[in-house]
Structure formats: structure tokens, C-alpha cells
>>> print(open('my_file.txt').read())   # compact mmCIF, C-alpha atoms and all ligand atoms
# COMPACT_ATOMS: atom_id res chain seq x y z
CA MET A 70 30.21 5.01 -26.55
CA PRO A 71 30.31 8.84 -26.48
CA SER A 72 27.93 10.57 -28.86
CA ALA A 73 26.16 13.88 -29.42
CA ALA A 74 23.17 12.63 -27.45
CA GLY A 75 25.44 11.87 -24.50
CA THR A 76 26.66 15.37 -23.83
CA SER A 77 26.60 15.97 -20.12
CA ASP A 78 25.07 19.47 -20.15
CA LEU A 79 21.63 17.97 -20.80
CA ARG A 80 19.20 17.66 -17.92
CA HIS A 81 18.90 14.15 -16.50
CA ILE A 82 15.53 12.56 -17.35
CA PRO A 83 14.54 10.52 -14.30
CA PHE A 84 12.88 7.14 -14.72
CA ALA A 85 9.77 8.31 -12.85
CA LEU A 86 8.32 11.59 -11.53
CA PRO A 87 5.00 12.23 -9.79
CA ASP A 88 2.59 14.72 -11.42
CA VAL A 89 1.77 16.89 -8.40
CA GLY A 90 0.07 20.20 -9.15
CA GLU A 91 -1.07 23.28 -7.26
CA ASP A 92 -4.44 21.65 -6.42
CA GLU A 93 -2.68 18.89 -4.47
CA ILE A 94 -0.41 21.40 -2.73
CA THR A 95 -3.33 23.65 -1.72
CA GLU A 96 -5.29 20.65 -0.41
CA VAL A 97 -2.35 19.42 1.68
CA VAL A 98 -1.81 22.90 3.12
CA GLU A 99 -5.52 23.10 3.94
CA SER A 100 -5.21 19.82 5.86
CA LEU A 101 -2.18 21.12 7.72
CA ARG A 102 -4.10 24.24 8.74
CA SER A 103 -7.21 22.21 9.70
CA GLY A 104 -5.36 20.14 12.27
CA TRP A 105 -6.42 16.78 10.73
CA LEU A 106 -3.14 15.09 9.90
CA THR A 107 -4.12 11.45 10.23
CA THR A 108 -7.26 9.62 9.03
CA GLY A 109 -10.09 12.15 8.86
CA PRO A 110 -12.48 13.87 6.46
CA LYS A 111 -10.10 13.86 3.47
CA THR A 112 -9.58 10.11 3.75
CA LYS A 113 -13.36 9.58 3.86
CA ARG A 114 -13.77 11.77 0.78
CA PHE A 115 -11.00 9.99 -1.12
CA GLU A 116 -12.55 6.61 -0.29
CA ALA A 117 -16.00 7.76 -1.46
CA GLN A 118 -14.61 9.22 -4.68
CA PHE A 119 -12.52 6.13 -5.36
CA ALA A 120 -15.52 3.82 -4.81
CA GLU A 121 -17.54 5.98 -7.20
CA PHE A 122 -14.74 5.90 -9.79
CA ILE A 123 -14.68 2.10 -9.72
CA GLY A 124 -18.49 1.89 -9.59
CA GLY A 125 -20.68 -1.19 -9.34
CA GLY A 126 -21.28 -0.83 -5.60
CA ALA A 127 -17.62 -1.32 -4.68
CA GLU A 128 -16.42 -0.33 -1.23
CA ALA A 129 -13.00 1.33 -0.97
CA ILE A 130 -10.80 1.11 2.12
CA ALA A 131 -7.85 3.51 2.21
CA VAL A 132 -4.64 2.11 3.65
CA SER A 133 -1.01 3.11 4.15
CA SER A 134 0.30 1.07 1.19
CA ALA A 135 -0.68 -1.62 -1.30
CA THR A 136 1.45 -4.01 0.73
CA ALA A 137 -0.74 -3.26 3.77
CA GLY A 138 -3.86 -3.66 1.62
CA LEU A 139 -2.78 -7.06 0.28
CA HIS A 140 -1.99 -8.18 3.82
CA LEU A 141 -5.42 -7.04 5.07
CA ALA A 142 -7.28 -8.70 2.17
CA LEU A 143 -5.52 -12.03 2.75
CA GLU A 144 -6.07 -11.76 6.51
CA ALA A 145 -9.77 -11.08 5.94
CA LEU A 146 -9.92 -14.22 3.78
CA GLY A 147 -8.59 -16.18 6.74
CA ILE A 148 -5.24 -17.16 5.19
CA ALA A 149 -3.26 -18.97 7.88
CA PRO A 150 -0.19 -21.20 8.39
CA GLY A 151 -0.30 -24.30 6.20
CA ASP A 152 -2.22 -22.49 3.44
CA GLU A 153 -0.85 -21.88 -0.03
CA VAL A 154 -1.34 -18.73 -2.11
CA ILE A 155 -0.43 -18.73 -5.81
CA VAL A 156 1.61 -15.71 -6.94
CA PRO A 157 3.60 -14.87 -10.07
CA THR A 158 7.40 -15.04 -9.77
CA PHE A 159 7.55 -12.00 -12.10
CA THR A 160 6.47 -9.30 -9.64
CA PHE A 161 7.61 -7.12 -6.76
CA THR A 162 8.36 -8.93 -3.52
CA ALA A 163 5.34 -7.33 -1.76
CA THR A 164 2.98 -9.64 -3.67
CA ALA A 165 4.54 -12.68 -1.99
CA GLU A 166 5.77 -11.31 1.34
CA VAL A 167 2.22 -10.66 2.59
CA VAL A 168 1.58 -14.40 2.32
CA ARG A 169 4.51 -14.99 4.68
CA TYR A 170 3.19 -12.32 7.11
CA LEU A 171 0.30 -14.74 7.74
CA GLY A 172 2.56 -17.77 8.02
CA ALA A 173 1.25 -19.23 4.75
CA ASP A 174 3.38 -20.24 1.75
CA PRO A 175 3.49 -18.57 -1.65
CA VAL A 176 3.50 -20.94 -4.62
CA PHE A 177 5.25 -19.27 -7.54
CA VAL A 178 4.17 -19.60 -11.17
CA ASP A 179 5.75 -18.64 -14.48
CA LEU A 180 4.60 -15.93 -16.88
CA ASP A 181 3.09 -15.97 -20.34
CA PRO A 182 5.78 -14.46 -22.64
CA SER A 183 3.15 -12.80 -24.85
CA THR A 184 1.94 -10.60 -21.95
CA LEU A 185 4.50 -10.95 -19.10
CA ASN A 186 1.45 -11.72 -16.93
CA MET A 187 0.93 -14.86 -14.85
CA SER A 188 -0.11 -17.79 -17.04
CA PRO A 189 -3.58 -19.26 -16.27
CA SER A 190 -2.40 -22.74 -17.27
CA ALA A 191 0.53 -22.44 -14.83
CA VAL A 192 -1.97 -21.43 -12.14
CA ALA A 193 -4.14 -24.47 -12.92
CA ARG A 194 -1.08 -26.74 -12.51
CA ALA A 195 -0.07 -25.11 -9.20
CA ILE A 196 -3.39 -25.66 -7.43
CA THR A 197 -3.33 -28.17 -4.55
CA PRO A 198 -5.84 -29.02 -1.80
CA ARG A 199 -4.08 -26.37 0.34
CA THR A 200 -4.54 -23.48 -2.16
CA ARG A 201 -6.54 -20.68 -0.51
CA ALA A 202 -6.03 -17.70 -2.84
CA VAL A 203 -4.52 -16.56 -6.16
CA ILE A 204 -2.88 -13.13 -6.56
CA PRO A 205 -2.60 -12.03 -10.20
CA VAL A 206 -0.54 -8.90 -10.99
CA HIS A 207 -1.48 -6.78 -14.02
CA ILE A 208 2.08 -6.20 -15.13
CA ALA A 209 2.77 -2.68 -16.47
CA GLY A 210 -0.98 -2.03 -16.46
CA LEU A 211 -1.96 -4.71 -18.99
CA ALA A 212 -4.87 -6.68 -17.54
CA CYS A 213 -4.31 -10.38 -16.88
CA ASP A 214 -6.48 -12.94 -18.63
CA MET A 215 -9.01 -12.72 -15.80
CA ALA A 216 -11.50 -15.07 -17.42
CA GLY A 217 -8.73 -17.67 -17.81
CA LEU A 218 -7.57 -17.14 -14.23
CA ALA A 219 -11.11 -17.35 -12.86
CA ALA A 220 -11.64 -20.61 -14.74
CA ALA A 221 -8.36 -22.00 -13.35
CA ALA A 222 -9.11 -20.82 -9.80
CA GLY A 223 -12.68 -22.11 -9.66
CA SER A 224 -14.00 -21.35 -6.16
CA ILE A 225 -10.57 -20.22 -4.86
CA PRO A 226 -10.69 -16.47 -4.13
CA ILE A 227 -8.71 -14.08 -6.33
CA VAL A 228 -7.04 -11.01 -4.81
CA GLU A 229 -5.78 -8.73 -7.57
CA ASP A 230 -2.50 -6.88 -7.09
CA ALA A 231 -3.51 -3.83 -9.10
CA ALA A 232 -0.46 -1.75 -8.17
CA HIS A 233 0.07 -1.00 -11.90
CA ALA A 234 -3.55 -1.09 -13.01
CA LEU A 235 -5.17 2.33 -12.50
CA PRO A 236 -6.93 2.92 -14.80
CA CYS A 237 -6.99 -0.32 -16.74
CA THR A 238 -9.86 -2.38 -18.12
CA HIS A 239 -10.54 -6.04 -18.80
CA ALA A 240 -13.46 -6.95 -21.07
CA GLY A 241 -14.61 -3.34 -20.83
CA GLN A 242 -14.65 -3.34 -17.00
CA LEU A 243 -12.29 -1.31 -14.84
CA ILE A 244 -9.87 -3.39 -12.82
CA GLY A 245 -11.41 -3.14 -9.36
CA GLY A 246 -14.86 -3.74 -10.84
CA LEU A 247 -14.44 -7.46 -11.54
CA ALA A 248 -15.78 -10.32 -9.47
CA SER A 249 -12.56 -10.88 -7.49
CA ALA A 250 -12.65 -11.11 -3.68
CA ALA A 251 -10.60 -7.90 -3.48
CA THR A 252 -8.44 -5.64 -5.63
CA VAL A 253 -5.57 -3.63 -4.18
CA PHE A 254 -4.16 -0.42 -5.70
CA SER A 255 -0.88 1.33 -4.84
CA PHE A 256 -0.37 5.08 -4.54
CA TYR A 257 3.38 4.81 -3.98
CA ALA A 258 5.37 7.80 -5.30
CA THR A 259 6.12 6.17 -8.68
CA LYS A 260 2.64 4.76 -9.34
CA THR A 261 -0.08 6.18 -11.61
CA VAL A 262 -1.81 7.90 -8.68
CA ALA A 263 0.94 9.09 -6.34
CA VAL A 264 0.45 10.22 -2.75
CA GLY A 265 3.88 9.21 -1.42
CA GLU A 266 2.77 6.15 0.50
CA GLY A 267 -0.76 4.81 0.25
CA GLY A 268 -3.06 2.17 -1.14
CA MET A 269 -6.72 1.20 -1.56
CA VAL A 270 -8.54 -2.08 -1.04
CA VAL A 271 -11.62 -2.38 -3.26
CA THR A 272 -14.24 -5.08 -2.72
CA ARG A 273 -17.94 -5.78 -3.11
CA ASP A 274 -17.85 -8.20 -0.16
CA HIS A 275 -19.17 -6.12 2.75
CA ARG A 276 -17.87 -8.49 5.42
CA LEU A 277 -14.40 -8.49 3.90
CA ALA A 278 -14.55 -4.67 3.77
CA GLU A 279 -15.57 -4.48 7.44
CA ARG A 280 -12.74 -6.79 8.48
CA CYS A 281 -10.19 -4.72 6.52
CA ARG A 282 -11.51 -1.49 8.07
CA ARG A 283 -11.16 -2.88 11.55
CA MET A 284 -7.78 -4.49 11.07
CA ARG A 285 -6.22 -1.44 9.42
CA LEU A 286 -6.56 0.41 12.77
CA HIS A 287 -5.61 -1.85 15.67
CA GLY A 288 -8.78 -3.98 15.49
CA ILE A 289 -10.70 -1.03 16.91
CA ASP A 290 -14.40 -0.92 16.12
CA ARG A 291 -14.34 2.66 14.79
CA ASP A 292 -11.56 4.98 13.74
CA ALA A 293 -10.55 8.28 15.29
CA PHE A 294 -12.65 10.35 12.93
CA ASP A 295 -15.84 8.42 13.79
CA ARG A 296 -14.91 8.58 17.44
CA TYR A 297 -15.03 12.37 17.43
CA ARG A 298 -18.20 12.43 15.39
CA SER A 299 -20.49 9.85 16.94
CA ASP A 300 -22.88 10.25 19.84
CA ARG A 301 -20.89 7.89 22.01
CA PRO A 302 -18.36 9.53 24.35
CA ALA A 303 -15.18 10.44 22.46
CA TRP A 304 -12.96 8.42 24.75
CA PHE A 305 -14.79 5.10 24.19
CA TYR A 306 -13.59 2.37 21.84
CA GLU A 307 -13.43 -1.40 21.79
CA VAL A 308 -10.64 -3.63 20.53
CA VAL A 309 -12.13 -6.70 18.86
CA ALA A 310 -8.95 -8.19 17.27
CA PRO A 311 -5.15 -7.72 17.33
CA GLY A 312 -5.10 -5.37 14.34
CA TYR A 313 -2.42 -3.45 12.44
CA LYS A 314 -1.51 0.21 11.92
CA TYR A 315 -2.36 0.55 8.24
CA ASN A 316 -4.61 3.63 8.09
CA MET A 317 -4.12 6.38 5.49
CA THR A 318 -3.25 9.94 6.58
CA ASP A 319 -5.34 12.92 5.49
CA LEU A 320 -2.17 14.42 4.02
CA ALA A 321 -1.91 11.46 1.63
CA ALA A 322 -5.66 11.55 0.92
CA SER A 323 -5.36 15.28 0.07
CA LEU A 324 -3.02 14.31 -2.74
CA GLY A 325 -5.16 11.34 -3.73
CA ILE A 326 -8.36 13.38 -4.17
CA HIS A 327 -6.73 15.53 -6.85
CA GLN A 328 -4.63 12.77 -8.40
CA LEU A 329 -7.82 10.76 -8.94
CA ARG A 330 -9.47 13.71 -10.71
CA LYS A 331 -6.76 13.73 -13.35
CA VAL A 332 -6.16 9.98 -13.48
CA ARG A 333 -7.61 9.69 -17.00
CA ALA A 334 -5.77 12.73 -18.33
CA MET A 335 -2.46 11.39 -16.97
CA GLN A 336 -3.22 7.98 -18.50
CA ALA A 337 -3.98 9.60 -21.87
CA ARG A 338 -0.61 11.36 -21.82
CA ARG A 339 1.21 8.11 -20.98
CA ALA A 340 -0.66 6.30 -23.77
CA GLU A 341 0.42 9.05 -26.17
CA ILE A 342 4.07 8.67 -25.11
CA GLY A 343 3.76 4.88 -25.49
CA ALA A 344 2.38 5.28 -29.01
CA ARG A 345 5.29 7.56 -29.93
CA TYR A 346 7.76 5.01 -28.60
CA ASP A 347 6.01 2.24 -30.54
CA ARG A 348 6.37 4.17 -33.81
CA ALA A 349 9.96 5.21 -33.17
CA PHE A 350 11.18 1.74 -32.14
CA ARG A 351 9.32 -0.32 -34.75
CA ASP A 352 12.43 -1.28 -36.69
CA LEU A 353 14.83 -1.70 -33.77
CA PRO A 354 15.96 -5.13 -32.52
CA ILE A 355 13.66 -5.00 -29.51
CA GLU A 356 10.30 -6.47 -28.64
CA LEU A 357 7.75 -3.75 -27.97
CA PRO A 358 5.36 -4.01 -25.01
CA PRO A 359 2.19 -6.03 -25.57
CA HIS A 360 -0.99 -3.98 -25.99
CA SER A 361 -4.47 -4.55 -24.58
CA VAL A 362 -6.98 -6.27 -26.83
CA ALA A 363 -9.11 -3.85 -28.85
CA GLY A 364 -11.59 -1.99 -26.66
CA ASP A 365 -9.60 -2.46 -23.48
CA GLU A 366 -7.49 0.18 -21.78
CA HIS A 367 -3.84 -0.27 -20.77
CA SER A 368 -2.81 1.97 -17.86
CA TRP A 369 0.70 2.38 -19.36
CA HIS A 370 2.20 2.52 -15.88
CA LEU A 371 5.32 0.94 -17.37
CA TYR A 372 6.74 0.74 -20.89
CA ILE A 373 8.78 -2.48 -20.83
CA ILE A 374 10.91 -3.31 -23.86
CA ARG A 375 12.73 -6.61 -24.35
CA MET A 376 16.12 -6.77 -26.04
CA ARG A 377 16.22 -9.23 -28.92
CA PRO A 378 19.23 -11.54 -29.37
CA ASP A 379 20.22 -9.66 -32.54
CA ALA A 380 20.57 -6.33 -30.66
CA ARG A 381 24.08 -4.80 -30.73
CA VAL A 382 24.24 -4.61 -26.94
CA ASP A 383 22.84 -6.68 -24.12
CA ARG A 384 20.36 -5.40 -21.55
CA ASP A 385 22.94 -4.29 -19.00
CA ALA A 386 24.99 -2.39 -21.58
CA PHE A 387 21.80 -0.79 -22.87
CA ILE A 388 20.97 0.51 -19.36
CA THR A 389 24.51 1.89 -18.99
CA GLY A 390 24.21 3.51 -22.42
CA MET A 391 20.93 5.18 -21.45
CA ALA A 392 22.46 6.45 -18.19
CA ASP A 393 25.42 7.87 -20.18
CA ARG A 394 22.87 9.74 -22.28
CA GLY A 395 21.14 11.13 -19.19
CA VAL A 396 18.08 8.86 -19.22
CA GLY A 397 16.99 6.86 -16.19
CA THR A 398 15.61 3.36 -16.75
CA SER A 399 14.61 0.48 -14.53
CA VAL A 400 14.14 -3.30 -14.57
CA HIS A 401 10.72 -4.82 -13.90
CA PHE A 402 11.22 -7.32 -12.48
CA ILE A 403 14.03 -9.32 -10.99
CA PRO A 404 11.84 -12.45 -10.61
CA LEU A 405 11.24 -13.49 -7.01
CA HIS A 406 12.82 -16.90 -7.60
CA MET A 407 16.15 -15.12 -8.24
CA HIS A 408 16.18 -13.32 -4.88
CA PRO A 409 18.14 -15.12 -2.14
CA TYR A 410 15.30 -15.27 0.39
CA TRP A 411 12.66 -16.78 -1.92
CA ARG A 412 15.16 -18.97 -3.77
CA ASP A 413 16.53 -20.51 -0.58
CA ALA A 414 13.30 -20.69 1.46
CA TYR A 415 11.42 -22.51 -1.32
CA ALA A 416 14.30 -24.27 -3.15
CA LEU A 417 13.56 -22.37 -6.38
CA SER A 418 15.69 -22.36 -9.52
CA ASP A 419 15.66 -20.70 -12.94
CA GLU A 420 14.71 -24.00 -14.60
CA LEU A 421 11.36 -23.99 -12.79
CA PHE A 422 10.46 -20.65 -14.41
CA PRO A 423 11.98 -20.68 -17.91
CA ASN A 424 9.83 -17.83 -19.27
CA ALA A 425 10.36 -15.42 -16.36
CA SER A 426 14.08 -16.25 -16.23
CA ALA A 427 14.45 -15.55 -19.96
CA ALA A 428 12.35 -12.36 -19.76
CA TYR A 429 14.42 -11.05 -16.85
CA ARG A 430 17.62 -11.06 -18.92
CA THR A 431 16.05 -8.86 -21.62
CA VAL A 432 13.64 -6.42 -19.92
CA VAL A 433 14.16 -2.67 -19.52
CA SER A 434 11.53 -0.12 -18.48
CA LEU A 435 11.73 3.29 -20.16
CA PRO A 436 10.46 6.57 -18.62
CA ILE A 437 6.70 7.03 -19.22
CA TYR A 438 4.93 9.63 -17.06
CA SER A 439 2.65 12.60 -17.65
CA LYS A 440 5.24 15.17 -16.55
CA MET A 441 7.49 14.23 -19.48
CA THR A 442 7.71 17.00 -22.07
CA ASP A 443 7.74 16.31 -25.80
CA ALA A 444 11.44 17.23 -25.70
CA ASP A 445 12.00 14.58 -22.98
CA VAL A 446 10.24 11.96 -25.13
CA CYS A 447 12.40 12.92 -28.13
CA ARG A 448 15.54 12.60 -26.03
CA VAL A 449 14.57 9.14 -24.80
CA ILE A 450 13.85 8.08 -28.38
CA ALA A 451 17.13 9.55 -29.63
CA ALA A 452 19.06 7.73 -26.91
CA VAL A 453 17.43 4.37 -27.68
CA VAL A 454 17.95 4.77 -31.43
CA ASP A 455 21.53 5.88 -30.88
CA ILE A 456 22.31 2.75 -28.88
CA LEU A 457 20.31 0.19 -30.85
CA GLY A 458 19.89 1.71 -34.33
CA GLY A 459 22.47 1.99 -37.02
CA GLU A 460 23.14 -0.44 -39.81
CA ARG A 461 21.05 -3.29 -38.45
CA GLY A 462 18.25 -1.19 -36.97
CA SER A 463 17.63 0.84 -40.09
CA ALA A 464 17.39 -2.17 -42.42
C1 LIG A 501 4.60 -1.07 -6.02
C2 LIG A 501 4.09 -2.46 -5.98
C3 LIG A 501 3.56 -3.03 -4.81
C4 LIG A 501 3.66 -2.37 -3.47
O1 LIG A 501 3.00 -1.15 -3.39
P1 LIG A 501 3.20 -0.28 -2.05
O2 LIG A 501 2.06 0.71 -2.12
O3 LIG A 501 4.54 0.38 -2.17
O4 LIG A 501 3.09 -1.18 -0.90
C5 LIG A 501 2.98 -4.27 -4.88
N1 LIG A 501 2.97 -4.97 -6.02
C6 LIG A 501 3.49 -4.48 -7.17
C7 LIG A 501 3.41 -5.31 -8.41
C8 LIG A 501 4.08 -3.22 -7.18
O5 LIG A 501 4.64 -2.76 -8.31
>>> encode(input="my_file.txt", output="C-alpha cells")
Amino acid sequence: MPSAAGTSDLRHIPFALPDVGEDEITEVVESLRSGWLTTGPKTKRFEAQFAEFIGGGAEAIAVSSATAGLHLALEALGIAPGDEVIVPTFTFTATAEVVRYLGADPVFVDLDPSTLNMSPSAVARAITPRTRAVIPVHIAGLACDMAGLAAAAGSIPIVEDAAHALPCTHAGQLIGGLASAATVFSFYATKTVAVGEGGMVVTRDHRLAERCRRMRLHGIDRDAFDRYRSDRPAWFYEVVAPGYKYNMTDLAASLGIHQLRKVRAMQARRAEIGARYDRAFRDLPIELPPHSVAGDEHSWHLYIIRMRPDARVDRDAFITGMADRGVGTSVHFIPLHMHPYWRDAYALSDELFPNASAAYRTVVSLPIYSKMTDADVCRVIAAVVDILGGERGSA
């Protein structure tokens, strides 16, 4: 479908781009010159600033990825073979794979079509005597119904996968500040705070925090930075558990310190882009993304539209059309029950997850990031309207 908007001399608009400025670059260079490449003073500073941002006496433990953080949180909760952990099927594979790292079994639940988030009633139905944890995912940065999930979970600990949820609020409270056992953020290159690879575990449970700190660095009782600071001889350390290698580097923390400073400004820009999309797409045959309830904040990490049955093209053709017009898009998510490993290991089928299976066939994520210019936003809108508008769309 060639059109004016599809001319090839236009710059490609990628699906995602990090918003890295001169402050981040200067801080990284300073670390390089200082000689602290791995966990050191910048990581400590980033942790302190992150804990302060979340507030409420939270402790923050910097790690090498959200995947590592989820693994550490579950390990600290004592998840072991024979245990079950409830996860949404509509998520990235990391949410479930960490359960397998510990030899436990994920139990998958369907989504609520009005939010794309895990359904509390599905969680209630999935609980068995072996359930040891529930991992909600705040899809796109829209907070889950945490009160509903807490009611369903009862005394079973909740570990929030907050990879999309910075900053995002539920009932006026920042995600990370709720009563969950732990909340894990991602600083992967495409996320709302981007350091390349990194993550943060947030908890108000001091013992859980201590266990995560130890296990992120080989089960050693203090990390390298402390070792060179404390009064004990620098060469001395004790291994108290078979830990992992999940510490954050000071190079990543250098980025994180400055990304965190502008986290609200970047969110405001994404919210503005989302509002422009909402207005422009109102009359098109698509379902717009669900919003937070009044008073709550959506992080707008993702802007996920769903193609309606009366759209001129299906989801796959829409994605091809956008690519022809120089706009990158993505699909969040291919539900876990559709991936060969999870499907075969747990005998899963589409019929078990009718809402996630139906959503999968219609979802497309559009570019939404603070580096987008107004001209970029206009081009995305023009491309979408060009593909989906016309006689039916303009009615
Ligand atoms: C990105 C993502 C992760 C993994 O984050 P990493 O920091 O790359 O490990 C986990 N869960 C969800 C929902 C994600 O989108």
C-alpha cells in the first residue's frame, strides 16, 4: 500500500530509544577515570537515591537486571522445588523463568481484558496448598488491582514485576511503596530508566534485603566496595551461601543516577505523547490503551493498541504497514503459553487462556519515548491514520 507517508527518504522512527544526555555521559566518563568500574560509590549513591525516591523506609538493592532481581527475591523467600508461583501468561518470559531457576513451577493465569493485567479472580482460582508466591506484572505501566490481588493472595507473598512501572502509582502510592514482599524494577535499554542492563529490588523487609545483598555477590558477607573501606583487612571475606553474580556496575549506576533525576520529566513527555495518540485515534477501529483510575499515575512505558475486528487490516498487516512507513512497532506480549517451552513443559493451550490468546492476536505497541520529537509523533499518527482511517475510520 504505497502512499505519501511511506516515502523512503524519511528517517526511520525506532520503536524505542533511550534518553541519555550529557549528564549521564559525564558521569560515566568520571567513573572510567576514577578506576571504579564495578560495584562502588556510584552504585551506593544510586541505591540511596532510589530508596529515597520510593520512600516509606524502603531498601533498594541494585542488581544486574530485573531478571536477576526477581530470582534473588524468590530465592530470599525460600522458593524451592515442589513450590508453585502464580504468574500471568501475558508477560515476558523472565517473569516465569526465575521460578524454574529455583526448581519450582510457575502456574499461569489469564488476564483481565479491561486492563491486560493479571486477573485477581484468576489468581484466586489458581491457588493451591503448594502456592508460595504471586508475581503480578503492571503491564505497560498501568498498576494491577493490588487490593484485589492482595485479597486473593491472603498470606502468600507478592513479588511485583515492576519492569514497566517506574513511575506508576496505585491508590496514590508509588509502585515499590506498597506492602508487597518485594518489587523489582528493570533498567534494560528500552525501559523507562535505561542503564543498558540493570535492575533494582525494593523491599521493606530487612532480612529479605540482606539475603538479596549477599546472594547478588557470591554469598559473600560484604561487597568489594565495603571490603576496601572497612577496618578489617582488605583481603578478608567470608562465603556464607552459594550466591550468584548479580551486582550492578558503577558504569550502569552512573547512568541510573541521572536517569532517576529526570524520571518524572520523561514520564510527563510520554504521557503527553499518549494523550496526543488518544485524541488522534479516537475514531479509528482500534481499542485505545486503558488509563489509570483518576488520581493514579500511568508510567506510559508502552502504548498498546488493540485492532478491532472491523479494522481494514489485521494486526500483522498493520505492523508491516507501519514498517513500510518507517515506523517501528512491537508486540507485547506473545503470551508464555504460546511459546514452545512453556506450552510443552506445562501442557498449556490457548483454550486455558482465552483472554490472553485473544488479546495477543490484536495487540501492537507504538513508539512512546521522551526522545520523540513532535514531528515524530505526527508521523506515527499519520501512518496509523493512513493505514486504518479512510471511509470507515472517519465516520
Ligand atoms: C524487561 C522485562 C523483564 C526483564 O528485565 P531485565 O532487566 O531485562 O532482566 C521482566 N519482566 C518484564 C515484564 C519485562 O518487560
>>> residues_near_ligand(input="my_file.txt", ligand="ligand LIG 501 (chain A)", cutoff="10 Å", atoms="all atoms listed in the file", output="ChimeraX atom specification")
/A:132-140,157,159-167,205-210,229-234,253-260,263-269,370-371,401-402
>>> closest_residue(input="my_file.txt", among="A:Ile456, A:Leu435, A:Leu329, A:Met335", to="Ala120 of chain A", atoms="all atoms listed in the file")
A:Leu329
>>> atom_distance(input="my_file.txt", atom1="atom CA of Cys447 of chain A", atom2="atom CA of Arg338 of chain A")
14.5 Å
>>> closest_residue(input="my_file.txt", among="A:Ala337, A:Leu243, A:Val446, A:Ile437", to="Gly125 of chain A", atoms="only C-alpha atoms")
A:Leu243
>>> closest_residue(input="my_file.txt", among="A:Glu153, A:Glu356, A:Asp214, A:Glu341", to="Ile374 of chain A", atoms="only C-alpha atoms")
A:Glu356
>>> closest_residue(input="my_file.txt", among="A:Asp419, A:Asp274, A:Glu128, A:Asp347", to="Asp179 of chain A", atoms="only C-alpha atoms")
A:Asp419
>>> closest_residue(input="my_file.txt", among="A:Ala219, A:His81, A:Pro409, A:Pro302", to="Ser190 of chain A", atoms="all atoms listed in the file")
A:Ala219
>>> build_atoms(input="my_file.txt", residues="segment 160-171 of chain A", atoms="N, CA, C and O atoms", output="CSV table (one decimal), keeping the file's coordinate frame")
chain,number,residue,atom,x,y,z
A,160,THR,N,7.2,-10.4,-10.3
A,160,THR,CA,6.5,-9.3,-9.6
A,160,THR,C,7.4,-8.7,-8.6
A,160,THR,O,8.6,-9.1,-8.5
A,161,PHE,N,6.9,-7.7,-7.9
A,161,PHE,CA,7.6,-7.1,-6.8
A,161,PHE,C,7.4,-8.0,-5.5
A,161,PHE,O,6.4,-8.7,-5.4
A,162,THR,N,8.4,-8.0,-4.7
A,162,THR,CA,8.4,-8.9,-3.5
A,162,THR,C,7.1,-8.8,-2.6
A,162,THR,O,6.7,-9.7,-1.9
A,163,ALA,N,6.5,-7.6,-2.6
A,163,ALA,CA,5.3,-7.3,-1.8
A,163,ALA,C,4.2,-8.3,-2.0
A,163,ALA,O,3.5,-8.8,-1.1
A,164,THR,N,4.0,-8.7,-3.3
A,164,THR,CA,3.0,-9.6,-3.7
A,164,THR,C,3.1,-11.0,-2.9
A,164,THR,O,2.1,-11.5,-2.5
A,165,ALA,N,4.3,-11.4,-2.7
A,165,ALA,CA,4.5,-12.7,-2.0
A,165,ALA,C,4.8,-12.5,-0.5
A,165,ALA,O,4.4,-13.4,0.3
A,166,GLU,N,5.4,-11.4,-0.1
A,166,GLU,CA,5.8,-11.3,1.3
A,166,GLU,C,4.5,-11.3,2.3
A,166,GLU,O,4.6,-11.8,3.4
A,167,VAL,N,3.4,-10.7,1.8
A,167,VAL,CA,2.2,-10.7,2.6
A,167,VAL,C,1.7,-12.1,2.9
A,167,VAL,O,1.1,-12.2,4.0
A,168,VAL,N,2.0,-13.0,2.1
A,168,VAL,CA,1.6,-14.4,2.3
A,168,VAL,C,2.4,-14.9,3.5
A,168,VAL,O,1.8,-15.6,4.4
A,169,ARG,N,3.7,-14.6,3.6
A,169,ARG,CA,4.5,-15.0,4.7
A,169,ARG,C,4.1,-14.3,6.0
A,169,ARG,O,4.3,-14.9,7.1
A,170,TYR,N,3.6,-13.0,5.9
A,170,TYR,CA,3.2,-12.3,7.1
A,170,TYR,C,2.2,-13.2,7.9
A,170,TYR,O,2.1,-13.1,9.1
A,171,LEU,N,1.4,-13.9,7.1
A,171,LEU,CA,0.3,-14.7,7.7
A,171,LEU,C,0.7,-16.2,8.0
A,171,LEU,O,-0.1,-17.0,8.3
